[in-house]
file model_24.txt (compact mmCIF, C-alpha atoms)
# COMPACT_ATOMS: atom_id res chain seq x y z
CA MET F 1 0.00 0.00 0.00
CA LYS F 2 1.37 3.41 -0.94
CA ASN F 3 0.54 6.72 0.62
CA ARG F 4 0.96 10.46 0.30
CA ILE F 5 1.51 11.30 3.94
CA LYS F 6 4.81 13.01 3.19
CA VAL F 7 3.07 15.30 0.68
CA TYR F 8 0.32 16.19 3.13
CA ARG F 9 2.87 16.77 5.86
CA ALA F 10 4.72 19.16 3.63
CA MET F 11 1.46 20.94 2.77
CA HIS F 12 0.75 21.39 6.49
CA ASP F 13 4.38 22.18 7.30
CA LEU F 14 4.59 19.33 9.79
CA THR F 15 7.53 17.20 10.84
CA GLN F 16 7.20 13.47 11.43
CA GLU F 17 7.58 14.12 15.13
CA GLY F 18 4.84 16.74 15.04
CA LEU F 19 2.42 14.48 13.19
CA ALA F 20 3.29 11.56 15.50
CA ASN F 21 2.50 13.68 18.55
CA GLU F 22 -0.80 14.80 17.05
CA LEU F 23 -1.80 11.20 16.31
CA GLY F 24 -0.45 9.66 19.52
CA VAL F 25 2.08 7.35 17.88
CA THR F 26 5.87 7.23 17.72
CA ARG F 27 7.88 9.07 15.07
CA GLN F 28 9.24 5.72 13.87
CA THR F 29 5.70 4.60 13.09
CA ILE F 30 5.10 7.64 10.86
CA LEU F 31 8.44 6.99 9.17
CA ALA F 32 7.63 3.29 8.67
CA ILE F 33 4.23 4.15 7.16
CA GLU F 34 5.75 6.75 4.82
CA LYS F 35 8.35 4.25 3.64
CA GLY F 36 5.70 1.58 3.10
CA LYS F 37 7.20 -0.78 5.67
CA TYR F 38 4.13 -0.75 7.87
CA ASP F 39 0.46 -0.57 6.91
CA PRO F 40 -1.45 1.31 9.61
CA SER F 41 -4.61 -0.03 11.22
CA LEU F 42 -7.90 1.23 9.85
CA GLU F 43 -8.30 3.37 12.96
CA LEU F 44 -4.93 5.07 12.50
CA ALA F 45 -5.59 5.52 8.77
CA PHE F 46 -8.88 7.28 9.62
CA LYS F 47 -7.07 9.43 12.19
CA ILE F 48 -4.48 10.48 9.63
CA ALA F 49 -7.10 11.27 6.99
CA ARG F 50 -9.27 13.15 9.46
CA PHE F 51 -6.27 15.11 10.73
CA PHE F 52 -5.52 16.34 7.21
CA GLY F 53 -9.23 16.88 6.46
CA VAL F 54 -9.35 14.47 3.53
CA THR F 55 -10.64 10.96 2.85
CA ILE F 56 -8.60 7.82 3.37
CA GLU F 57 -8.50 7.28 -0.41
CA ASP F 58 -6.83 10.67 -0.84
CA ILE F 59 -3.91 9.49 1.29
CA PHE F 60 -3.70 5.72 0.91
CA PHE F 61 -3.95 3.74 -2.29
CA TYR F 62 -3.19 0.21 -3.29
CA GLY F 63 0.36 -0.51 -4.47
CA ASP F 64 -0.13 -1.06 -8.19
CA THR F 65 -2.67 1.75 -8.54
CA ALA F 66 -1.32 4.72 -10.44
CA GLU F 67 -0.34 7.58 -8.19
CA ARG F 68 -2.94 10.27 -7.87
CA PRO F 69 -2.26 13.71 -9.31
CA MET I 1 8.84 9.86 34.67
CA LYS I 2 11.42 10.13 31.91
CA ARG I 3 12.43 7.04 29.96
CA ASN I 4 16.05 7.11 31.15
CA THR I 5 14.90 7.40 34.77
CA PHE I 6 12.79 4.30 34.20
CA TYR I 7 15.80 2.36 32.86
CA LEU I 8 17.80 3.52 35.90
CA LEU I 9 15.03 2.23 38.16
CA VAL I 10 15.10 -1.13 36.34
CA GLY I 11 18.82 -1.39 37.12
CA ILE I 12 18.31 -0.49 40.78
CA VAL I 13 15.50 -3.04 41.18
CA ALA I 14 17.68 -5.72 39.54
CA LEU I 15 20.51 -4.98 41.99
CA ILE I 16 18.12 -5.15 44.94
CA GLU I 17 16.79 -8.49 43.64
CA VAL I 18 20.34 -9.89 43.50
CA GLY I 19 20.89 -8.77 47.10
CA ILE I 20 17.62 -10.35 48.24
CA PHE I 21 18.57 -13.54 46.40
CA TRP I 22 21.75 -13.89 48.45
CA LEU I 23 19.88 -12.94 51.60
CA SER I 24 17.34 -15.62 50.78
CA VAL I 25 20.11 -18.20 50.30
CA GLU I 26 21.80 -17.20 53.57
CA ALA I 27 18.53 -17.33 55.50
CA GLU I 28 17.43 -20.51 53.67
CA ARG I 29 14.07 -18.84 53.00
CA PRO I 30 13.13 -19.21 49.30
CA ILE I 31 9.89 -17.31 49.87
CA LEU I 32 11.94 -14.09 50.29
CA ILE I 33 13.27 -14.00 46.74
CA GLN I 34 10.03 -15.36 45.31
CA VAL I 35 7.93 -12.58 46.84
CA ALA I 36 10.59 -9.94 46.12
CA PHE I 37 10.79 -10.98 42.47
CA VAL I 38 7.02 -10.80 41.95
CA LEU I 39 6.82 -7.44 43.75
CA GLY I 40 9.73 -6.08 41.71
CA VAL I 41 8.08 -7.05 38.43
CA ILE I 42 4.73 -5.57 39.50
CA LEU I 43 6.50 -2.34 40.54
CA LEU I 44 8.25 -2.04 37.17
CA TYR I 45 5.05 -2.76 35.22
CA ALA I 46 3.24 -0.08 37.25
CA VAL I 47 5.99 2.52 36.87
CA ARG I 48 6.31 1.84 33.12
CA ARG I 49 2.83 3.32 32.66
CA THR I 50 4.02 6.65 34.02
CA VAL I 51 6.83 7.08 31.48
CA GLU I 52 6.06 10.37 29.72
CA GLU I 53 7.77 9.70 26.42
CA ARG I 54 5.64 7.43 24.30
CA MET I 55 7.24 4.02 24.02
CA GLU I 56 4.43 1.95 22.53
CA ASP I 57 1.87 2.29 19.80
CA GLU I 58 0.08 -0.09 17.44
CA ARG I 59 3.23 -0.85 15.42
CA THR I 60 5.38 -1.68 18.45
CA ALA I 61 2.47 -3.70 19.88
CA MET I 62 2.35 -5.70 16.64
CA ILE I 63 6.13 -6.26 16.74
CA THR I 64 5.86 -7.47 20.34
CA GLN I 65 2.99 -9.82 19.47
CA LYS I 66 4.79 -11.34 16.51
CA ALA I 67 8.04 -11.78 18.46
CA ALA I 68 6.18 -13.37 21.40
CA LEU I 69 4.31 -15.78 19.13
CA ARG I 70 7.47 -16.85 17.28
CA THR I 71 9.29 -17.31 20.62
CA LEU I 72 6.47 -19.50 21.90
CA GLU I 73 6.39 -21.54 18.68
CA THR I 74 10.13 -22.14 18.81
CA PHE I 75 10.60 -22.49 22.55
CA TRP I 76 7.95 -25.13 23.18
CA VAL I 77 9.70 -27.44 20.69
CA ALA I 78 13.08 -26.96 22.40
CA PHE I 79 11.55 -27.26 25.87
CA PHE I 80 9.55 -30.38 24.98
CA ALA I 81 12.57 -32.05 23.37
CA ILE I 82 14.68 -31.41 26.49
CA SER I 83 11.83 -32.62 28.73
CA LEU I 84 11.51 -35.80 26.65
CA GLY I 85 15.22 -36.46 27.19
CA SER I 86 14.81 -35.86 30.93
CA ALA I 87 11.84 -38.25 31.03
CA VAL I 88 13.92 -40.94 29.31
CA VAL I 89 16.67 -40.49 31.92
CA ALA I 90 14.09 -40.69 34.74
CA PHE I 91 12.39 -43.80 33.36
CA SER I 92 15.73 -45.49 32.74
CA ARG I 93 16.15 -45.76 36.51
CA PRO I 94 14.36 -48.38 38.62
CA LEU I 95 10.71 -47.48 39.19
CA GLY I 96 8.49 -48.27 42.17
CA LEU I 97 9.87 -49.32 45.55
CA ARG I 98 13.53 -48.62 46.02
CA PRO I 99 15.87 -51.22 47.50
CA PRO I 100 16.88 -50.67 51.15
CA HIS I 101 19.60 -48.11 51.54
CA LEU I 102 22.68 -49.60 53.15
CA GLY I 103 24.88 -46.54 53.10
CA PRO I 104 25.79 -44.37 56.09
CA PRO I 105 22.93 -42.38 57.66
CA GLY I 106 22.23 -38.97 56.12
CA THR I 107 23.37 -39.95 52.64
CA ALA I 108 21.01 -40.67 49.82
CA PRO I 109 21.18 -43.79 47.68
CA PRO I 110 22.66 -43.11 44.24
CA ASP I 111 19.38 -43.44 42.33
CA MET I 112 17.43 -40.99 44.52
CA LEU I 113 17.07 -37.27 44.02
CA GLU I 114 19.51 -35.35 46.16
CA LEU I 115 19.17 -31.72 47.15
CA PRO I 116 22.09 -30.48 45.01
CA PHE I 117 20.45 -32.12 42.02
CA ILE I 118 17.26 -30.16 42.68
CA GLY I 119 19.33 -26.96 42.86
CA GLY I 120 20.95 -27.94 39.59
CA PHE I 121 17.55 -28.48 38.06
CA ALA I 122 16.48 -24.99 39.17
CA LEU I 123 19.58 -23.53 37.52
CA PHE I 124 18.84 -25.55 34.39
CA GLN I 125 15.31 -24.14 34.32
CA MET I 126 16.66 -20.61 34.68
CA ALA I 127 19.11 -21.27 31.85
CA LEU I 128 16.17 -22.37 29.70
CA LEU I 129 14.28 -19.20 30.60
CA CYS I 130 17.35 -17.17 29.65
CA LEU I 131 17.38 -19.01 26.33
CA MET I 132 13.75 -18.00 25.88
CA ILE I 133 14.60 -14.36 26.60
CA PHE I 134 17.44 -14.45 24.04
CA LEU I 135 15.08 -16.00 21.52
CA TYR I 136 12.51 -13.28 22.20
CA VAL I 137 15.08 -10.50 21.85
CA GLY I 138 16.30 -12.05 18.59
CA PHE I 139 12.80 -12.19 17.13
CA ARG I 140 12.07 -8.70 18.48
CA VAL I 141 15.13 -7.31 16.69
CA TYR I 142 14.18 -9.14 13.50
CA TYR I 143 10.61 -7.77 13.40
CA ALA I 144 11.66 -4.31 14.57
CA ARG I 145 14.08 -4.17 11.64
CA LYS I 146 11.43 -5.51 9.26
CA TYR I 147 8.91 -2.86 10.33
CA GLY I 148 11.34 0.03 10.15
CA ASP I 149 12.50 0.61 13.72
CA TRP I 150 16.01 1.61 12.67
CA ASP I 151 15.19 3.33 9.41
CA THR I 152 16.44 6.84 9.00
CA ASP I 153 15.52 9.68 6.69
CA GLU I 154 16.32 13.28 6.12
CA GLU I 155 14.55 14.30 9.32
CA GLN I 156 16.81 12.16 11.45
CA ASP I 157 19.20 14.12 13.67
call {"tool": "encode", "arguments": {"input": "model_24.txt", "output": "structure tokens"}}
result
Amino acid sequence: MKNRIKVYRAMHDLTQEGLANELGVTRQTILAIEKGKYDPSLELAFKIARFFGVTIEDIFFYGDTAERP
Amino acid sequence: MKRNTFYLLVGIVALIEVGIFWLSVEAERPILIQVAFVLGVILLYAVRRTVEERMEDERTAMITQKAALRTLETFWVAFFAISLGSAVVAFSRPLGLRPPHLGPPGTAPPDMLELPFIGGFALFQMALLCLMIFLYVGFRVYYARKYGDWDTDEEQD
């Protein structure tokens, strides 16, 4: 599963540490998700999407799906 | 409590436990170390909850679960194999009533359990538990690496 968390972080001018603190997880977890090493739970995915004010599909998409514009 | 303070407390509790162990041996009261060990573990579990810096989340919980499951899967095979060997040794000796002991009073016949043997068995059990801990740490490191615990990026200091 791929994601655009890094893009949304940049748009909100947030560091990994900052986002991790907002979501109540460790910085390593944000890093692992961004690098595609860890797929978050549905709950955490909803939290991330809700935090950025978008839908889950805007942030996460299946691996072989073409990247969104 | 800060994380480093917690680790310091773990060290102090471990030292106290070692002291109580020797005290327990000197006083010939095993209950001392048994109670102290359980209390020490409960204390550390309770204090761990007060650590301010976040140490666990869903990813670390998953790593812990996977490592624990793999340890259990591996360890029961090793433990059962060793126990089977021990059972063979035990059943190789005469079963049922033992022949009259003709040795000097206070000494045990050669095919009976003697106290030092029981102490040796306790040490053997502890060695097995240490093996289990090493196994767990090994699996923990493996899964932590797999799920990005030591990854770095441009934000890393």
call {"tool": "closest_residue", "arguments": {"input": "model_24.txt", "among": "F:Val54, F:Met1, F:Ala49, F:Leu31", "to": "Gly18 (chain F)", "atoms": "all atoms listed in the file"}}
result
F:Leu31
call {"tool": "closest_atom_pairs", "arguments": {"input": "model_24.txt", "of": "chain F", "to": "chain I", "cutoff": "6 Å", "atoms": "all atoms listed in the file", "output": "JSON lines"}}
result
{"residue": "F:Val25", "atom": "CA", "partner": "I:Asp57", "partner_atom": "CA", "distance": 5.4}
{"residue": "F:Ala32", "atom": "CA", "partner": "I:Gly148", "partner_atom": "CA", "distance": 5.2}
{"residue": "F:Lys37", "atom": "CA", "partner": "I:Tyr147", "partner_atom": "CA", "distance": 5.4}
{"residue": "F:Tyr38", "atom": "CA", "partner": "I:Tyr147", "partner_atom": "CA", "distance": 5.8}
call {"tool": "atom_distance", "arguments": {"input": "model_24.txt", "atom1": "CA of Glu43 (chain F)", "atom2": "CA of Phe60 (chain F)"}}
result
13.1 Å
call {"tool": "residues_around", "arguments": {"input": "model_24.txt", "residues": "Ile30 (chain F)", "least_positions_apart": "5", "cutoff": "9 Å", "atoms": "only C-alpha atoms", "output": "MDAnalysis selection string"}}
result
chainID F and resid 5 16:17 19:20 25 35 38
call {"tool": "atom_distance", "arguments": {"input": "model_24.txt", "atom1": "CA of Ala144 (chain I)", "atom2": "CA of Ser41 (chain F)"}}
result
17.2 Å
